[in-house]
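Novice: For reference, the structure I am asking about is given below.
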Amino acid sequence: MALSATVYNFAVQLADVDRGVYADVELRVARHPSETAEFMVTRLLAYLLEYEEGIAFSDGGVSSTDEPAVLVRDLTGRLTAWIEIGAPAAERVHRGSKLADRVAIYTHREPARVLAQLSGKRIHRAEAIPLYGIDPGFVDAVVAQVERRNTVGVSVTERQVYLDLNGAGLSTPIEEHRLG
């Protein structure tokens with residue numbers, strides 16, 4: 001018998017001062033049995049840091065080969081942003097860059113290793129693709145606080161993330177790197 005996904009609920013108050021985005025967001029995040037808690041938290045953070053109208057988690061979940069973990073579509077259904085998590089294959093990043101106006105990668109792994117893995121590979125518009133490094137220690141601390149039902153406050157100022165998760169205060173800078 002196959003294992004089913006575990007669903008986590010997040011009631012989020014988002015205040016992204018850097019981008020002028022303020023929203024109350026209710027999220028149901030399904031964690032596939034093959035997905036690590038660290039990957040799920042990074043996926044959630046990427047969603048919140050990229051939040052805009054039309055953003056969604058991939059329909060196929062983390063096992064989708066046709067879509068990224070997080071994507072943005074405009075009102076016509078056209079893909080406008082392709083957001084990868086972790087250490088994606090160069091082929092996925094290349095494909096996303098050809099399909100969407102904008103591509104971003106969020107990783108909870110060592111950014112230098114992810115950059116080295118993608119270096120020298122054929123990636124469309126590589127110089128325009130940011131890789132955002134999220135401190136693994138911060139991700140581990142968030143994982144330790146996540147429950148099935150969560151209350152979250154997220155503030156972003158000068159690429160510093162301040163997170164209140166179920167009463168625990170955490171913060172980390174988001175480091176930006178470029179593929180090209």
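By convention here, the chains of the structure tokens are called A, B, ... in the order presented, each chain's residues are numbered starting at 1, and ligands are numbered starting at 1 in the order presented.
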Residues near region 14-18 of chain A, anyone? I mean within 9 Å using only C-alpha atoms, not counting same-chain ones fewer than 2 positions away, as a VMD selection string.

Specialist: chain A and resid 12 20 to 25 48 to 49 51 152 to 159 161

Novice: Any chance you can output those residues with C-alpha atoms as a PDB file, in the first residue's frame?

Specialist:
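Contents of part.pdb, as written:
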```
ATOM      1  CA  VAL A  12       0.381  33.287   7.250  1.00  0.00           C
ATOM      2  CA  GLY A  20       5.612  46.052  -1.081  1.00  0.00           C
ATOM      3  CA  VAL A  21       3.611  42.825  -0.689  1.00  0.00           C
ATOM      4  CA  TYR A  22       1.269  42.495   2.285  1.00  0.00           C
ATOM      5  CA  ALA A  23      -1.187  39.594   2.501  1.00  0.00           C
ATOM      6  CA  ASP A  24      -2.942  37.106   4.729  1.00  0.00           C
ATOM      7  CA  VAL A  25      -2.459  33.683   3.160  1.00  0.00           C
ATOM      8  CA  LEU A  48       6.103  33.242   0.471  1.00  0.00           C
ATOM      9  CA  LEU A  49       9.168  35.128  -0.785  1.00  0.00           C
ATOM     10  CA  TYR A  51       4.176  35.581  -3.380  1.00  0.00           C
ATOM     11  CA  VAL A 152       3.120  32.159  10.803  1.00  0.00           C
ATOM     12  CA  GLY A 153       4.190  35.786  10.635  1.00  0.00           C
ATOM     13  CA  VAL A 154       6.749  36.591   7.932  1.00  0.00           C
ATOM     14  CA  SER A 155       8.462  39.950   7.524  1.00  0.00           C
ATOM     15  CA  VAL A 156      11.066  40.608   4.851  1.00  0.00           C
ATOM     16  CA  THR A 157      13.283  43.690   4.992  1.00  0.00           C
ATOM     17  CA  GLU A 158      16.482  44.107   2.960  1.00  0.00           C
ATOM     18  CA  ARG A 159      16.412  40.350   2.147  1.00  0.00           C
ATOM     19  CA  VAL A 161      13.563  37.168   6.780  1.00  0.00           C
TER      20      VAL A 161
END
```

Novice: Report the residues of region 3-179 of chain A whose backbone DSSP state falls under strand (DSSP E or B), written as a PyMOL selection string.

Specialist: chain A and resi 6-16+21-31+55-57+70-73+79-85+102-107+130-134+149-157+160-165+168-178

Novice: Please indicate the distance in Å from CA of Ile55 (chain A) to CA of Ile123 (chain A), rounded to one decimal place.

Specialist: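 Pair CA of Ile55 (chain A) / CA of Ile123 (chain A) returns 23.5 Å.
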
Novice: Give me, as a ChimeraX atom specification, all polymer residues having an atom no more than 10 Å from Ala46 (chain A), counting only C-alpha atoms and skipping those fewer than 3 positions away in the same chain.

Specialist: /A:40-43,49-51,69-70,83-85,104-107,132,134

Novice: Would you save the residues from that selection as a PDB file, in the first residue's frame, using N, CA, C and O atoms?

Specialist:
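Output (part_17.pdb):
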```
ATOM      1  N   MET A  40      10.387  20.687   2.040  1.00  0.00           N
ATOM      2  CA  MET A  40       9.050  21.270   2.189  1.00  0.00           C
ATOM      3  C   MET A  40       9.130  22.683   2.765  1.00  0.00           C
ATOM      4  O   MET A  40       8.459  23.594   2.282  1.00  0.00           O
ATOM      5  N   VAL A  41       9.949  22.882   3.784  1.00  0.00           N
ATOM      6  CA  VAL A  41      10.096  24.211   4.389  1.00  0.00           C
ATOM      7  C   VAL A  41      10.694  25.187   3.380  1.00  0.00           C
ATOM      8  O   VAL A  41      10.241  26.332   3.269  1.00  0.00           O
ATOM      9  N   THR A  42      11.676  24.754   2.607  1.00  0.00           N
ATOM     10  CA  THR A  42      12.271  25.625   1.592  1.00  0.00           C
ATOM     11  C   THR A  42      11.233  25.963   0.528  1.00  0.00           C
ATOM     12  O   THR A  42      11.150  27.102   0.061  1.00  0.00           O
ATOM     13  N   ARG A  43      10.428  24.998   0.156  1.00  0.00           N
ATOM     14  CA  ARG A  43       9.351  25.210  -0.823  1.00  0.00           C
ATOM     15  C   ARG A  43       8.346  26.236  -0.284  1.00  0.00           C
ATOM     16  O   ARG A  43       7.918  27.147  -1.004  1.00  0.00           O
ATOM     17  N   LEU A  49       8.252  34.090  -0.310  1.00  0.00           N
ATOM     18  CA  LEU A  49       9.168  35.128  -0.785  1.00  0.00           C
ATOM     19  C   LEU A  49       8.879  35.549  -2.223  1.00  0.00           C
ATOM     20  O   LEU A  49       9.284  36.629  -2.658  1.00  0.00           O
ATOM     21  N   GLU A  50       8.182  34.703  -2.967  1.00  0.00           N
ATOM     22  CA  GLU A  50       7.813  35.011  -4.352  1.00  0.00           C
ATOM     23  C   GLU A  50       6.326  35.366  -4.481  1.00  0.00           C
ATOM     24  O   GLU A  50       5.836  35.578  -5.572  1.00  0.00           O
ATOM     25  N   TYR A  51       5.623  35.443  -3.378  1.00  0.00           N
ATOM     26  CA  TYR A  51       4.176  35.581  -3.380  1.00  0.00           C
ATOM     27  C   TYR A  51       3.703  36.725  -4.281  1.00  0.00           C
ATOM     28  O   TYR A  51       4.190  37.851  -4.195  1.00  0.00           O
ATOM     29  N   ALA A  69       8.438  23.143  -8.525  1.00  0.00           N
ATOM     30  CA  ALA A  69       7.725  23.003  -7.255  1.00  0.00           C
ATOM     31  C   ALA A  69       6.760  24.160  -7.031  1.00  0.00           C
ATOM     32  O   ALA A  69       5.683  23.990  -6.478  1.00  0.00           O
ATOM     33  N   VAL A  70       7.141  25.362  -7.465  1.00  0.00           N
ATOM     34  CA  VAL A  70       6.322  26.561  -7.332  1.00  0.00           C
ATOM     35  C   VAL A  70       6.309  27.263  -8.685  1.00  0.00           C
ATOM     36  O   VAL A  70       7.339  27.335  -9.361  1.00  0.00           O
ATOM     37  N   ILE A  83       9.896  28.433 -10.418  1.00  0.00           N
ATOM     38  CA  ILE A  83      10.678  28.508  -9.182  1.00  0.00           C
ATOM     39  C   ILE A  83      11.054  27.102  -8.735  1.00  0.00           C
ATOM     40  O   ILE A  83      10.193  26.303  -8.370  1.00  0.00           O
ATOM     41  N   GLU A  84      12.343  26.815  -8.804  1.00  0.00           N
ATOM     42  CA  GLU A  84      12.878  25.504  -8.432  1.00  0.00           C
ATOM     43  C   GLU A  84      13.345  25.531  -6.977  1.00  0.00           C
ATOM     44  O   GLU A  84      13.698  26.583  -6.442  1.00  0.00           O
ATOM     45  N   ILE A  85      13.383  24.349  -6.377  1.00  0.00           N
ATOM     46  CA  ILE A  85      13.790  24.192  -4.978  1.00  0.00           C
ATOM     47  C   ILE A  85      14.935  23.188  -4.900  1.00  0.00           C
ATOM     48  O   ILE A  85      14.961  22.208  -5.649  1.00  0.00           O
ATOM     49  N   ALA A 104      13.794  31.309 -10.809  1.00  0.00           N
ATOM     50  CA  ALA A 104      14.551  31.494  -9.575  1.00  0.00           C
ATOM     51  C   ALA A 104      14.740  30.120  -8.934  1.00  0.00           C
ATOM     52  O   ALA A 104      13.932  29.215  -9.129  1.00  0.00           O
ATOM     53  N   ILE A 105      15.830  29.989  -8.193  1.00  0.00           N
ATOM     54  CA  ILE A 105      16.113  28.759  -7.461  1.00  0.00           C
ATOM     55  C   ILE A 105      16.292  29.124  -5.996  1.00  0.00           C
ATOM     56  O   ILE A 105      17.029  30.062  -5.672  1.00  0.00           O
ATOM     57  N   TYR A 106      15.633  28.377  -5.116  1.00  0.00           N
ATOM     58  CA  TYR A 106      15.800  28.531  -3.674  1.00  0.00           C
ATOM     59  C   TYR A 106      16.394  27.232  -3.161  1.00  0.00           C
ATOM     60  O   TYR A 106      15.885  26.157  -3.451  1.00  0.00           O
ATOM     61  N   THR A 107      17.487  27.350  -2.408  1.00  0.00           N
ATOM     62  CA  THR A 107      18.129  26.138  -1.916  1.00  0.00           C
ATOM     63  C   THR A 107      18.434  26.215  -0.427  1.00  0.00           C
ATOM     64  O   THR A 107      18.795  27.273   0.091  1.00  0.00           O
ATOM     65  N   TYR A 132      18.914  31.637  -4.609  1.00  0.00           N
ATOM     66  CA  TYR A 132      18.792  32.178  -3.265  1.00  0.00           C
ATOM     67  C   TYR A 132      19.152  31.102  -2.249  1.00  0.00           C
ATOM     68  O   TYR A 132      18.525  30.048  -2.209  1.00  0.00           O
ATOM     69  N   ILE A 134      19.293  29.734   1.462  1.00  0.00           N
ATOM     70  CA  ILE A 134      18.673  29.860   2.776  1.00  0.00           C
ATOM     71  C   ILE A 134      19.499  29.019   3.739  1.00  0.00           C
ATOM     72  O   ILE A 134      19.733  27.839   3.494  1.00  0.00           O
TER      73      ILE A 134
END
```

Novice: Env of Thr6 (chain A): 12 Å cut, atoms = only C-alpha atoms, seq-sep filter 2 positions within chain, self excluded. Answer as a list in words.

Specialist: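 Final neighbour list, sorted by chain and number: Leu3, Ser4, Tyr8, Asn9, Arg28, Val29, Ala30, Arg31, His32, Pro33, Ser34, Glu35, Thr36, Ala37, Met40, Glu147, Arg148 and Arg149 of chain A.
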
Novice: Give me the residues near region 109-119 of chain A as a list in words, where near means some atom within 7 Å (using only C-alpha atoms) and where sequence neighbours in that chain fewer than 3 positions away do not count.

Specialist: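 So the residues in contact are Gly86, Ala87, Ala90, Gly133, Pro136 and Leu179 of chain A.
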
Novice: Between A:Val93, A:Ala5, A:Arg78, A:Thr65, which residue has the minimum interatomic distance to Leu131 (chain A), considering only C-alpha atoms?

Specialist: A:Val93

Novice: Which residues are near Thr151 (chain A)? Cut-off 6 Å, only C-alpha atoms, ignore same chain within fewer than 5 positions. Put them as number ranges by chain.

Specialist: A: 10-11, 165-166

Novice: Between A:Glu53, A:Glu26, A:Asp164, A:Glu127, which one has atoms that come closest to Arg73 (chain A), using only C-alpha atoms?

Specialist: A:Glu53

Novice: Could you tell me how far CA of Thr80 (chain A) sits from CA of Ala100 (chain A), in Å to one decimal place?

Specialist: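 Interatomic distance, CA of Ala100 (chain A) to CA of Thr80 (chain A): 4.8 Å.
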
Novice: What does the structure give for the distance between CA of Glu38 (chain A) and CA of Asp140 (chain A), in Å to one decimal?

Specialist: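 Pair CA of Glu38 (chain A) / CA of Asp140 (chain A) returns 6.8 Å.
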
Novice: Name the residues of region 6-174 of chain A that come out as helix (DSSP H, G or I) in a backbone DSSP run; write them as a PyMOL selection string.

Specialist: chain A and resi 37-49+61-63+90-99+111-118+126-128+136-145

Novice: If we count only C-alpha atoms and set the cut-off at 12 Å, which residues sit around Arg95 (chain A), ignoring sequence neighbours fewer than 4 positions away in its own chain? Please answer as JSON, numbers by chain.

Specialist: {"A": [65, 66, 67, 68, 82, 83, 84, 88, 89, 90, 91, 99, 100, 101, 102, 103, 122, 123, 124, 125, 126]}

Novice: How would the residues just chosen look if you wrote them out with N, CA, C and O atoms as an mmCIF file, in the first residue's frame?

Specialist:
```cif
data_model
loop_
_atom_site.group_PDB
_atom_site.id
_atom_site.type_symbol
_atom_site.label_atom_id
_atom_site.label_comp_id
_atom_site.auth_asym_id
_atom_site.auth_seq_id
_atom_site.Cartn_x
_atom_site.Cartn_y
_atom_site.Cartn_z
ATOM 1 N N THR A 65 7.501 16.174 -13.313
ATOM 2 C CA THR A 65 8.651 16.380 -14.197
ATOM 3 C C THR A 65 8.397 17.513 -15.175
ATOM 4 O O THR A 65 9.322 17.994 -15.812
ATOM 5 N N ASP A 66 7.134 17.939 -15.288
ATOM 6 C CA ASP A 66 6.769 18.978 -16.250
ATOM 7 C C ASP A 66 6.699 20.373 -15.658
ATOM 8 O O ASP A 66 6.637 21.349 -16.399
ATOM 9 N N GLU A 67 6.663 20.469 -14.343
ATOM 10 C CA GLU A 67 6.525 21.761 -13.690
ATOM 11 C C GLU A 67 7.494 21.860 -12.517
ATOM 12 O O GLU A 67 7.891 20.850 -11.950
ATOM 13 N N PRO A 68 7.815 23.099 -12.128
ATOM 14 C CA PRO A 68 8.654 23.287 -10.938
ATOM 15 C C PRO A 68 7.812 23.113 -9.681
ATOM 16 O O PRO A 68 6.585 22.976 -9.751
ATOM 17 N N TRP A 82 9.015 30.397 -12.974
ATOM 18 C CA TRP A 82 9.372 28.990 -12.743
ATOM 19 C C TRP A 82 10.310 28.997 -11.551
ATOM 20 O O TRP A 82 11.423 29.532 -11.631
ATOM 21 N N ILE A 83 9.896 28.433 -10.418
ATOM 22 C CA ILE A 83 10.678 28.508 -9.182
ATOM 23 C C ILE A 83 11.054 27.102 -8.735
ATOM 24 O O ILE A 83 10.193 26.303 -8.370
ATOM 25 N N GLU A 84 12.343 26.815 -8.804
ATOM 26 C CA GLU A 84 12.878 25.504 -8.432
ATOM 27 C C GLU A 84 13.345 25.531 -6.977
ATOM 28 O O GLU A 84 13.698 26.583 -6.442
ATOM 29 N N PRO A 88 18.243 21.619 -8.402
ATOM 30 C CA PRO A 88 17.620 21.089 -9.614
ATOM 31 C C PRO A 88 18.641 20.753 -10.691
ATOM 32 O O PRO A 88 19.735 21.324 -10.732
ATOM 33 N N ALA A 89 18.269 19.854 -11.566
ATOM 34 C CA ALA A 89 19.115 19.503 -12.711
ATOM 35 C C ALA A 89 19.153 20.679 -13.682
ATOM 36 O O ALA A 89 18.172 21.414 -13.827
ATOM 37 N N ALA A 90 20.280 20.832 -14.358
ATOM 38 C CA ALA A 90 20.443 21.915 -15.323
ATOM 39 C C ALA A 90 19.374 21.864 -16.413
ATOM 40 O O ALA A 90 18.896 22.912 -16.874
ATOM 41 N N GLU A 91 18.985 20.676 -16.811
ATOM 42 C CA GLU A 91 17.979 20.526 -17.863
ATOM 43 C C GLU A 91 16.645 21.141 -17.441
ATOM 44 O O GLU A 91 15.950 21.752 -18.251
ATOM 45 N N LEU A 99 10.496 28.447 -20.951
ATOM 46 C CA LEU A 99 9.041 28.488 -20.850
ATOM 47 C C LEU A 99 8.495 29.703 -20.102
ATOM 48 O O LEU A 99 7.380 30.143 -20.363
ATOM 49 N N ALA A 100 9.245 30.228 -19.150
ATOM 50 C CA ALA A 100 8.750 31.310 -18.292
ATOM 51 C C ALA A 100 9.582 32.575 -18.464
ATOM 52 O O ALA A 100 10.748 32.517 -18.857
ATOM 53 N N ASP A 101 8.968 33.693 -18.136
ATOM 54 C CA ASP A 101 9.670 34.977 -18.203
ATOM 55 C C ASP A 101 10.786 35.056 -17.176
ATOM 56 O O ASP A 101 11.806 35.701 -17.403
ATOM 57 N N ARG A 102 10.567 34.398 -16.041
ATOM 58 C CA ARG A 102 11.507 34.515 -14.925
ATOM 59 C C ARG A 102 11.697 33.163 -14.266
ATOM 60 O O ARG A 102 10.754 32.387 -14.126
ATOM 61 N N VAL A 103 12.945 32.884 -13.861
ATOM 62 C CA VAL A 103 13.292 31.649 -13.155
ATOM 63 C C VAL A 103 14.053 32.032 -11.894
ATOM 64 O O VAL A 103 14.863 32.961 -11.910
ATOM 65 N N ARG A 122 24.378 23.832 -20.170
ATOM 66 C CA ARG A 122 23.564 24.644 -21.070
ATOM 67 C C ARG A 122 22.282 25.062 -20.356
ATOM 68 O O ARG A 122 21.401 24.238 -20.096
ATOM 69 N N ILE A 123 22.201 26.363 -20.019
ATOM 70 C CA ILE A 123 21.027 26.915 -19.351
ATOM 71 C C ILE A 123 20.687 28.233 -20.033
ATOM 72 O O ILE A 123 21.483 29.173 -20.029
ATOM 73 N N HIS A 124 19.503 28.283 -20.612
ATOM 74 C CA HIS A 124 19.003 29.475 -21.299
ATOM 75 C C HIS A 124 18.959 30.655 -20.327
ATOM 76 O O HIS A 124 18.414 30.529 -19.234
ATOM 77 N N ARG A 125 19.530 31.772 -20.698
ATOM 78 C CA ARG A 125 19.556 33.007 -19.895
ATOM 79 C C ARG A 125 20.102 32.792 -18.479
ATOM 80 O O ARG A 125 19.591 33.345 -17.503
ATOM 81 N N ALA A 126 21.135 31.976 -18.343
ATOM 82 C CA ALA A 126 21.697 31.648 -17.021
ATOM 83 C C ALA A 126 22.080 32.889 -16.226
ATOM 84 O O ALA A 126 21.910 32.927 -15.003
#
```
